[in-house]
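Chemist: The structure is given below, and queries will be raised subsequently.
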Amino acid sequence: MADLARMSLWAAQLQSIQQLGSRLNRLTVARDIGTAIATELRDLIDYHNVRVYRVEGPDLVPVAFRGQVGEYVDETPDQLRIGVGQGITGWVAAHRVAQNLGDAAADPRAHTIPGTDEDLDESMLLAPMVFDDHVLGVLVLSKLGLDQFSDDDLRLLEIYASFAAQAYANADSIQLLREQSASLARQLRSQRELLQITESILTTLDPSAVLDQITDRLGNLVAYDNISIELYDRRANVLTPLTARGVNAADFLEPWQLGEAGLATWVVQHNEPQLVIDELTDSRVQPFESTGPVEGSLIVVPLRGRAGVAGVLTLERLGTDDRFDEEDFELVKLFSAQVSIALHNAETHRDVEIRARSDDLTGLLSHGTFQAWLAQRVHEGTTFSLIMLDLDDFRKVNNELGHQAGDRLLRAIADALLNAGRESDHVFRYGGDEFTFILPATDGSGALRVAERAREAVLRVASHGEWSAGRARISASIGVATYPVDGRLPETVLLAADRACFVAKRTGRDRVVTADEGLSLASELTLQEPTPVDPPSVETEPD
């Protein structure tokens with residue numbers, strides 16, 4: 001009779017488990033399943049405490065727990081979190097073996113929760129949730145007192161754990177499908193936005209405008225805290241910050257120090273985009289002095305031109321909660337590829353324009369182009385410097401070796417002057433044997449360095465080959481002026497450089513003279529009409 005009653009109870013319990021399992025399978029959110037387990041297990045087994053753990057990487061994380069008496073009520077998620085393999089719960093997760101412990105405190109695997117009694121009389125039931133040969137978590141029941149659970153209780157918990165595992169597996173699959181669907185929707189939306197953005201970029205034929213649009217529009221695709229663009233000067237082998245926006249924009253615009261290396265220089269050297277999910281773990285990331293090492297992630301991609309890497313685009317997202325992921329990385333790489341095409345188109349268009357504005361003999365920009373660019377620079381109102389260079393004794397080359405030799409010398413000197421300047425500098429044939437430089441964003445000291453390189457370049461060319469055999473000693477007299485310090489109109493800054501060049505020629509040749517020196521020394525020289533020190537007929541400078 002007792003056996004019959006026990007069988008009847010067992011059948012009723014199995015039916016209850018099936019009904020509970022069916023309710024679990026209707027839930028699709030992992031945390032809701034954990035809450036339901038903690039509630040429904042009360043219908044099967046009497047307990048004082050229940051904990052539902054999920055495996056997350058190397059840890060077991062409590063997703064639901066409920067205490068019925070004082071010893072269990074105040075437990076927190078941080079207290080209950082434990083590593084797989086640690087404590088009794090971790091052991092069950094690692095070995096997949098259910099446990100019925102009549103005296104949990106006496107078990108050598110026991111791991112006492114901080115703040116609780118190490119000698120607490122406590123019974124425990126533990127069952128792993130296993131699906132498709134993978135442990136998804138552990139169900140844990142506790143009750144005050146010794147030997148409070150039976151073997152039948154353990155079998156019931158094991159059966160229920162299998163239903164719970166199925167429910168979690170279903171919820172995980174549904175969540176994965178949701179994430180994949182959301183990811184596909186984001187990708188589709190981002191690609192539509194990318195097409196709209198790149199359509200305008202691809203029709204922009206000014207390289208600097210292309211780069212400006214990157215910072216303006218990329219934020220619509222990928223959220224960032226900092227963005228910067230650096231251009232690569234191939235001749236000097238340096239990165240030059242061009243533009244930056246964000247909370248650390250000023251730091252990104254600081255020039256690179258001589259020999260300094262970082263993630264951006266690595267990308268230039270290897271021509272490979274990089275995703276750094278954790279800045280603190282990547283030795284290539286060099287923190288700013290103003291901030292020190294920071295939590296964050298980085299995307300650094302090369303911007304490619306016709307000759308290879310033309311620049312570097314860097315995005316930074318600060319903090320640990322929302323780091324860049326592969327989806328962001330792929331989108332930025334796709335965007336940078338479109339930008340590279342736009343840069344190529346803009347460079348091609350610029351080259352066509354330059355050829356139309358170039359001097360036929362030397363290939364340098366022409367006198368008319370110089371006048372237009374000088375006026376534009378003054379109109380923009382940003383600092384720049386001007387170099388006026390006049391060759392010494394060039395007429396003797398024509399007289400002794402002929403005009404064809406003179407033309408060859410001019411072409412060789414033009415090439416040497418281009419190499420003496422930086423990639424950002426513009427070199428013009430002003431006329432005859434005169435050349436000019438426009439040096440954007442360059443003060444007087446920077447201009448003097450370029451001028452000295454130009455002077456030395458002329459000497460090197462003239463001291464070799466057919467030109468070194470003649471009586472003429474070809475050198476360069478050079479004048480330097482800076483806007484707006486030495487003039488606030490195109491005419492006045494040009495006059496200042498021209499005057500300094502004139503003084504250099506009259507005071508010894510093969511030298512560089514500043515605008516200040518030219519102004520102070522010009523009055524001591526004997527003037528011959530016309531001279532560049534003659535004042536202009538009309539001179540009006542703005543206040």
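How things are named: the first chain in the structure tokens is A, the next is B, and so on; residues count from 1 in each chain; ligands count from 1 in the order shown.
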Find the residues around A:Pro241 up to 10 Å (only C-alpha atoms counted), leave out those fewer than 4 positions away in its own chain, and share them as a list of chain:residue names.
Modeler: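 Counting only C-alpha atoms, the residues come to A:Ser228, A:Ile229, A:Glu230, A:Leu231, A:Tyr232, A:Phe252, A:Leu253, A:Glu254, A:Pro255, A:Trp256, A:Gly311, A:Val312.
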Chemist: A:Thr281: which residues within 12 Å, counting only C-alpha atoms, same-chain residues fewer than 4 positions away excluded, as a list in words?
Modeler: Val276, Ile277, Val285, Gln286, Pro287, Pro293, Val294, Glu295, Gly296, Ser297 and Leu298 of chain A
Chemist: Now that the selection is made, can you save its residues with N, CA and C atoms as an mmCIF file, in the first residue's frame?
Modeler:
```
data_model
loop_
_atom_site.group_PDB
_atom_site.id
_atom_site.type_symbol
_atom_site.label_atom_id
_atom_site.label_comp_id
_atom_site.auth_asym_id
_atom_site.auth_seq_id
_atom_site.Cartn_x
_atom_site.Cartn_y
_atom_site.Cartn_z
ATOM 1 N N VAL A 276 41.180 47.664 -31.988
ATOM 2 C CA VAL A 276 41.707 47.398 -30.654
ATOM 3 C C VAL A 276 40.535 47.499 -29.679
ATOM 4 N N ILE A 277 40.094 46.363 -29.183
ATOM 5 C CA ILE A 277 38.913 46.345 -28.308
ATOM 6 C C ILE A 277 39.250 46.887 -26.924
ATOM 7 N N VAL A 285 49.445 51.145 -28.416
ATOM 8 C CA VAL A 285 48.684 52.345 -28.056
ATOM 9 C C VAL A 285 49.489 53.171 -27.064
ATOM 10 N N GLN A 286 49.814 54.402 -27.469
ATOM 11 C CA GLN A 286 50.576 55.299 -26.606
ATOM 12 C C GLN A 286 49.630 56.344 -26.015
ATOM 13 N N PRO A 287 49.387 56.312 -24.704
ATOM 14 C CA PRO A 287 48.422 57.251 -24.103
ATOM 15 C C PRO A 287 48.946 58.682 -24.133
ATOM 16 N N PRO A 293 46.921 56.340 -19.310
ATOM 17 C CA PRO A 293 46.170 55.202 -19.862
ATOM 18 C C PRO A 293 44.682 55.318 -19.541
ATOM 19 N N VAL A 294 43.828 55.043 -20.529
ATOM 20 C CA VAL A 294 42.384 55.147 -20.339
ATOM 21 C C VAL A 294 41.709 53.870 -20.839
ATOM 22 N N GLU A 295 40.538 53.597 -20.279
ATOM 23 C CA GLU A 295 39.704 52.499 -20.769
ATOM 24 C C GLU A 295 39.036 52.943 -22.066
ATOM 25 N N GLY A 296 39.082 52.102 -23.063
ATOM 26 C CA GLY A 296 38.435 52.449 -24.318
ATOM 27 C C GLY A 296 38.821 51.496 -25.426
ATOM 28 N N SER A 297 38.258 51.728 -26.600
ATOM 29 C CA SER A 297 38.564 50.920 -27.780
ATOM 30 C C SER A 297 38.866 51.852 -28.945
ATOM 31 N N LEU A 298 39.585 51.327 -29.933
ATOM 32 C CA LEU A 298 40.061 52.128 -31.057
ATOM 33 C C LEU A 298 39.824 51.411 -32.372
#
```
Chemist: Using only C-alpha atoms, determine which residues lie at most 12 Å from A:Val97, disregarding the query and same-chain residues fewer than 3 positions distant; provide the list as a list in words.
Modeler: Ile88, Thr89, Gly90, Trp91, Val92, Ala93, Ala94, Asn100, Leu125, Leu126, Ala127, Pro128, Met129, Val130, Val135, Val138, Leu139, Leu154, Arg155, Glu158 and Ala161 of chain A
Chemist: Residues of the last selection are to be written out with N, CA, C and O atoms, as an mmCIF file, in the first residue's frame.
Modeler:
```cif
data_model
loop_
_atom_site.group_PDB
_atom_site.id
_atom_site.type_symbol
_atom_site.label_atom_id
_atom_site.label_comp_id
_atom_site.auth_asym_id
_atom_site.auth_seq_id
_atom_site.Cartn_x
_atom_site.Cartn_y
_atom_site.Cartn_z
ATOM 1 N N ILE A 88 31.287 24.044 -4.204
ATOM 2 C CA ILE A 88 30.448 22.899 -4.581
ATOM 3 C C ILE A 88 29.698 23.186 -5.873
ATOM 4 O O ILE A 88 29.638 22.342 -6.781
ATOM 5 N N THR A 89 29.151 24.411 -5.992
ATOM 6 C CA THR A 89 28.394 24.765 -7.207
ATOM 7 C C THR A 89 29.299 24.734 -8.431
ATOM 8 O O THR A 89 28.921 24.196 -9.483
ATOM 9 N N GLY A 90 30.486 25.286 -8.301
ATOM 10 C CA GLY A 90 31.422 25.269 -9.414
ATOM 11 C C GLY A 90 31.862 23.864 -9.773
ATOM 12 O O GLY A 90 32.091 23.544 -10.952
ATOM 13 N N TRP A 91 31.989 23.017 -8.765
ATOM 14 C CA TRP A 91 32.356 21.616 -9.017
ATOM 15 C C TRP A 91 31.283 20.914 -9.832
ATOM 16 O O TRP A 91 31.576 20.157 -10.770
ATOM 17 N N VAL A 92 30.012 21.132 -9.480
ATOM 18 C CA VAL A 92 28.899 20.515 -10.221
ATOM 19 C C VAL A 92 28.897 20.978 -11.677
ATOM 20 O O VAL A 92 28.672 20.187 -12.599
ATOM 21 N N ALA A 93 29.170 22.273 -11.886
ATOM 22 C CA ALA A 93 29.212 22.787 -13.256
ATOM 23 C C ALA A 93 30.345 22.146 -14.045
ATOM 24 O O ALA A 93 30.208 21.855 -15.232
ATOM 25 N N ALA A 94 31.482 21.933 -13.382
ATOM 26 C CA ALA A 94 32.647 21.384 -14.079
ATOM 27 C C ALA A 94 32.515 19.883 -14.324
ATOM 28 O O ALA A 94 32.958 19.374 -15.368
ATOM 29 N N ASN A 100 23.553 15.555 -3.535
ATOM 30 C CA ASN A 100 22.658 15.681 -2.388
ATOM 31 C C ASN A 100 23.546 15.666 -1.157
ATOM 32 O O ASN A 100 24.094 14.627 -0.789
ATOM 33 N N LEU A 125 20.890 20.641 -2.359
ATOM 34 C CA LEU A 125 20.662 19.866 -3.582
ATOM 35 C C LEU A 125 21.208 20.683 -4.751
ATOM 36 O O LEU A 125 20.914 21.865 -4.862
ATOM 37 N N LEU A 126 21.990 20.036 -5.622
ATOM 38 C CA LEU A 126 22.551 20.737 -6.779
ATOM 39 C C LEU A 126 22.399 19.861 -8.017
ATOM 40 O O LEU A 126 22.706 18.655 -7.970
ATOM 41 N N ALA A 127 21.943 20.446 -9.115
ATOM 42 C CA ALA A 127 21.787 19.701 -10.359
ATOM 43 C C ALA A 127 22.250 20.578 -11.526
ATOM 44 O O ALA A 127 21.844 21.740 -11.624
ATOM 45 N N PRO A 128 23.088 20.033 -12.405
ATOM 46 C CA PRO A 128 23.527 20.809 -13.565
ATOM 47 C C PRO A 128 22.434 20.876 -14.635
ATOM 48 O O PRO A 128 21.681 19.919 -14.826
ATOM 49 N N MET A 129 22.353 22.029 -15.309
ATOM 50 C CA MET A 129 21.450 22.162 -16.458
ATOM 51 C C MET A 129 22.287 21.882 -17.712
ATOM 52 O O MET A 129 23.127 22.701 -18.106
ATOM 53 N N VAL A 130 22.058 20.707 -18.306
ATOM 54 C CA VAL A 130 22.872 20.264 -19.435
ATOM 55 C C VAL A 130 21.999 20.169 -20.680
ATOM 56 O O VAL A 130 20.924 19.556 -20.656
ATOM 57 N N VAL A 135 27.034 22.388 -20.391
ATOM 58 C CA VAL A 135 26.447 22.844 -19.131
ATOM 59 C C VAL A 135 26.057 24.307 -19.283
ATOM 60 O O VAL A 135 26.906 25.154 -19.540
ATOM 61 N N VAL A 138 23.513 25.823 -13.245
ATOM 62 C CA VAL A 138 23.316 24.921 -12.107
ATOM 63 C C VAL A 138 22.120 25.417 -11.296
ATOM 64 O O VAL A 138 21.981 26.622 -11.065
ATOM 65 N N LEU A 139 21.259 24.444 -10.867
ATOM 66 C CA LEU A 139 20.172 24.750 -9.930
ATOM 67 C C LEU A 139 20.619 24.326 -8.543
ATOM 68 O O LEU A 139 21.140 23.216 -8.349
ATOM 69 N N LEU A 154 16.386 14.729 -5.146
ATOM 70 C CA LEU A 154 17.484 14.938 -6.090
ATOM 71 C C LEU A 154 17.068 14.524 -7.499
ATOM 72 O O LEU A 154 17.373 15.235 -8.478
ATOM 73 N N ARG A 155 16.359 13.370 -7.618
ATOM 74 C CA ARG A 155 15.924 12.934 -8.944
ATOM 75 C C ARG A 155 14.944 13.923 -9.559
ATOM 76 O O ARG A 155 15.005 14.230 -10.754
ATOM 77 N N GLU A 158 16.920 16.878 -10.796
ATOM 78 C CA GLU A 158 17.658 16.562 -12.029
ATOM 79 C C GLU A 158 16.718 16.602 -13.246
ATOM 80 O O GLU A 158 17.079 17.133 -14.301
ATOM 81 N N ALA A 161 15.860 20.143 -13.923
ATOM 82 C CA ALA A 161 17.014 20.831 -14.490
ATOM 83 C C ALA A 161 17.121 20.583 -15.992
ATOM 84 O O ALA A 161 17.547 21.470 -16.748
#
```
Chemist: If I take atom CA of A:Leu157 and atom CA of A:Thr76, how far is one from the other in Å, to one decimal?
Modeler: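 Atom-to-atom, atom CA of A:Leu157 to atom CA of A:Thr76, that is 23.6 Å.
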Chemist: Kindly give the distance, in Å, that separates atom CA of A:Asp233 and atom CA of A:Ala310, rounded to a single decimal.
Modeler: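 These two atoms are separated by 7.8 Å.
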Chemist: Rank nothing, just name the residue among A:Ala36, A:Asp133, A:Ser142, A:Leu176 nearest to A:Gln68, using only C-alpha atoms.
Modeler: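 So, comparing all the options, the nearest one is A:Ser142.
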Chemist: Need to verify the contact set: stretch 418-425 of chain A, 10 Å, only C-alpha atoms, exclusion of same-chain residues closer than 2 positions in sequence. Can you return it as a VMD selection string?
Modeler: chain A and resid 231 to 236 240 364 385 413 to 416 427 to 428 437 to 442 447 449 to 458
Chemist: I need the strand (DSSP E) residues of stretch 262-337 of chain A per DSSP on the backbone, written as a list in words.
Modeler: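 Residues of stretch 262-337 of chain A classed as strand (DSSP E): Gln274, Leu275, Val276, Gly296, Ser297, Leu298, Ile299, Val300, Val301, Pro302, Leu303, Arg304, Gly305, Gly308, Val309, Ala310, Gly311, Val312, Leu313, Thr314, Leu315, Glu316, Arg317 and Leu318 of chain A.
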Chemist: Which residues are close to A:Leu448, i.e. within 9 Å by only C-alpha atoms, leaving aside same-chain residues fewer than 5 positions away? Reply as a list in words.
Modeler: Ile387, Asp443, Arg453, Val480, Val512, Val513 and Thr514 of chain A
Chemist: The selected residues should be written to file as a PDB file, in the first residue's frame (atoms: N, CA, C and O atoms).
Modeler:
```pdb
ATOM      1  N   ILE A 387      58.270  82.495 -49.574  1.00  0.00           N
ATOM      2  CA  ILE A 387      59.693  82.512 -49.902  1.00  0.00           C
ATOM      3  C   ILE A 387      59.850  83.014 -51.333  1.00  0.00           C
ATOM      4  O   ILE A 387      59.191  82.512 -52.243  1.00  0.00           O
ATOM      5  N   ASP A 443      55.138  79.494 -39.580  1.00  0.00           N
ATOM      6  CA  ASP A 443      55.600  80.796 -39.089  1.00  0.00           C
ATOM      7  C   ASP A 443      56.994  81.094 -39.644  1.00  0.00           C
ATOM      8  O   ASP A 443      57.546  80.336 -40.457  1.00  0.00           O
ATOM      9  N   ARG A 453      67.026  74.882 -46.669  1.00  0.00           N
ATOM     10  CA  ARG A 453      67.089  73.653 -47.472  1.00  0.00           C
ATOM     11  C   ARG A 453      67.060  73.984 -48.958  1.00  0.00           C
ATOM     12  O   ARG A 453      67.749  73.340 -49.757  1.00  0.00           O
ATOM     13  N   VAL A 480      62.363  85.941 -47.125  1.00  0.00           N
ATOM     14  CA  VAL A 480      61.289  85.235 -46.406  1.00  0.00           C
ATOM     15  C   VAL A 480      60.378  86.256 -45.737  1.00  0.00           C
ATOM     16  O   VAL A 480      60.853  87.190 -45.080  1.00  0.00           O
ATOM     17  N   VAL A 512      70.002  83.846 -46.989  1.00  0.00           N
ATOM     18  CA  VAL A 512      68.580  84.002 -46.688  1.00  0.00           C
ATOM     19  C   VAL A 512      68.411  85.230 -45.821  1.00  0.00           C
ATOM     20  O   VAL A 512      69.108  85.395 -44.807  1.00  0.00           O
ATOM     21  N   VAL A 513      67.467  86.100 -46.191  1.00  0.00           N
ATOM     22  CA  VAL A 513      67.206  87.333 -45.454  1.00  0.00           C
ATOM     23  C   VAL A 513      65.729  87.371 -45.076  1.00  0.00           C
ATOM     24  O   VAL A 513      64.860  87.042 -45.897  1.00  0.00           O
ATOM     25  N   THR A 514      65.448  87.752 -43.843  1.00  0.00           N
ATOM     26  CA  THR A 514      64.066  87.858 -43.391  1.00  0.00           C
ATOM     27  C   THR A 514      63.475  89.191 -43.815  1.00  0.00           C
ATOM     28  O   THR A 514      64.199  90.131 -44.197  1.00  0.00           O
TER      29      THR A 514
END
```
Chemist: Separation of atom CA of A:His426 and atom CA of A:Phe502, in Å?
Modeler: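 The value is 21.6 Å.
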Chemist: Write down as an MDAnalysis selection string the residues of stretch 294-524 of chain A whose backbone DSSP state falls under alpha helix (DSSP H).
Modeler: chainID A and resid 326:356 367:380 394:401 403:420 444:462 490:506 515:522
Chemist: For A:Ala106, work out the shell of residues within 12 Å, counting only C-alpha atoms and skipping chain neighbours fewer than 6 positions away, then give it as a PDB file with C-alpha atoms, in the first residue's frame.
Modeler:
```pdb
ATOM      1  CA  ILE A  88      30.448  22.899  -4.581  1.00  0.00           C
ATOM      2  CA  THR A 112      31.574  29.872   2.423  1.00  0.00           C
ATOM      3  CA  GLU A 118      31.042  28.721   8.265  1.00  0.00           C
ATOM      4  CA  ASP A 119      29.548  26.031  10.574  1.00  0.00           C
ATOM      5  CA  LEU A 120      25.925  26.521   9.495  1.00  0.00           C
ATOM      6  CA  ASP A 121      23.880  23.312   9.575  1.00  0.00           C
ATOM      7  CA  GLU A 122      22.709  23.243   5.979  1.00  0.00           C
ATOM      8  CA  SER A 123      21.556  20.676   3.442  1.00  0.00           C
ATOM      9  CA  MET A 124      21.986  21.273  -0.306  1.00  0.00           C
ATOM     10  CA  LEU A 146      21.037  18.332   8.335  1.00  0.00           C
TER      11      LEU A 146
END
```
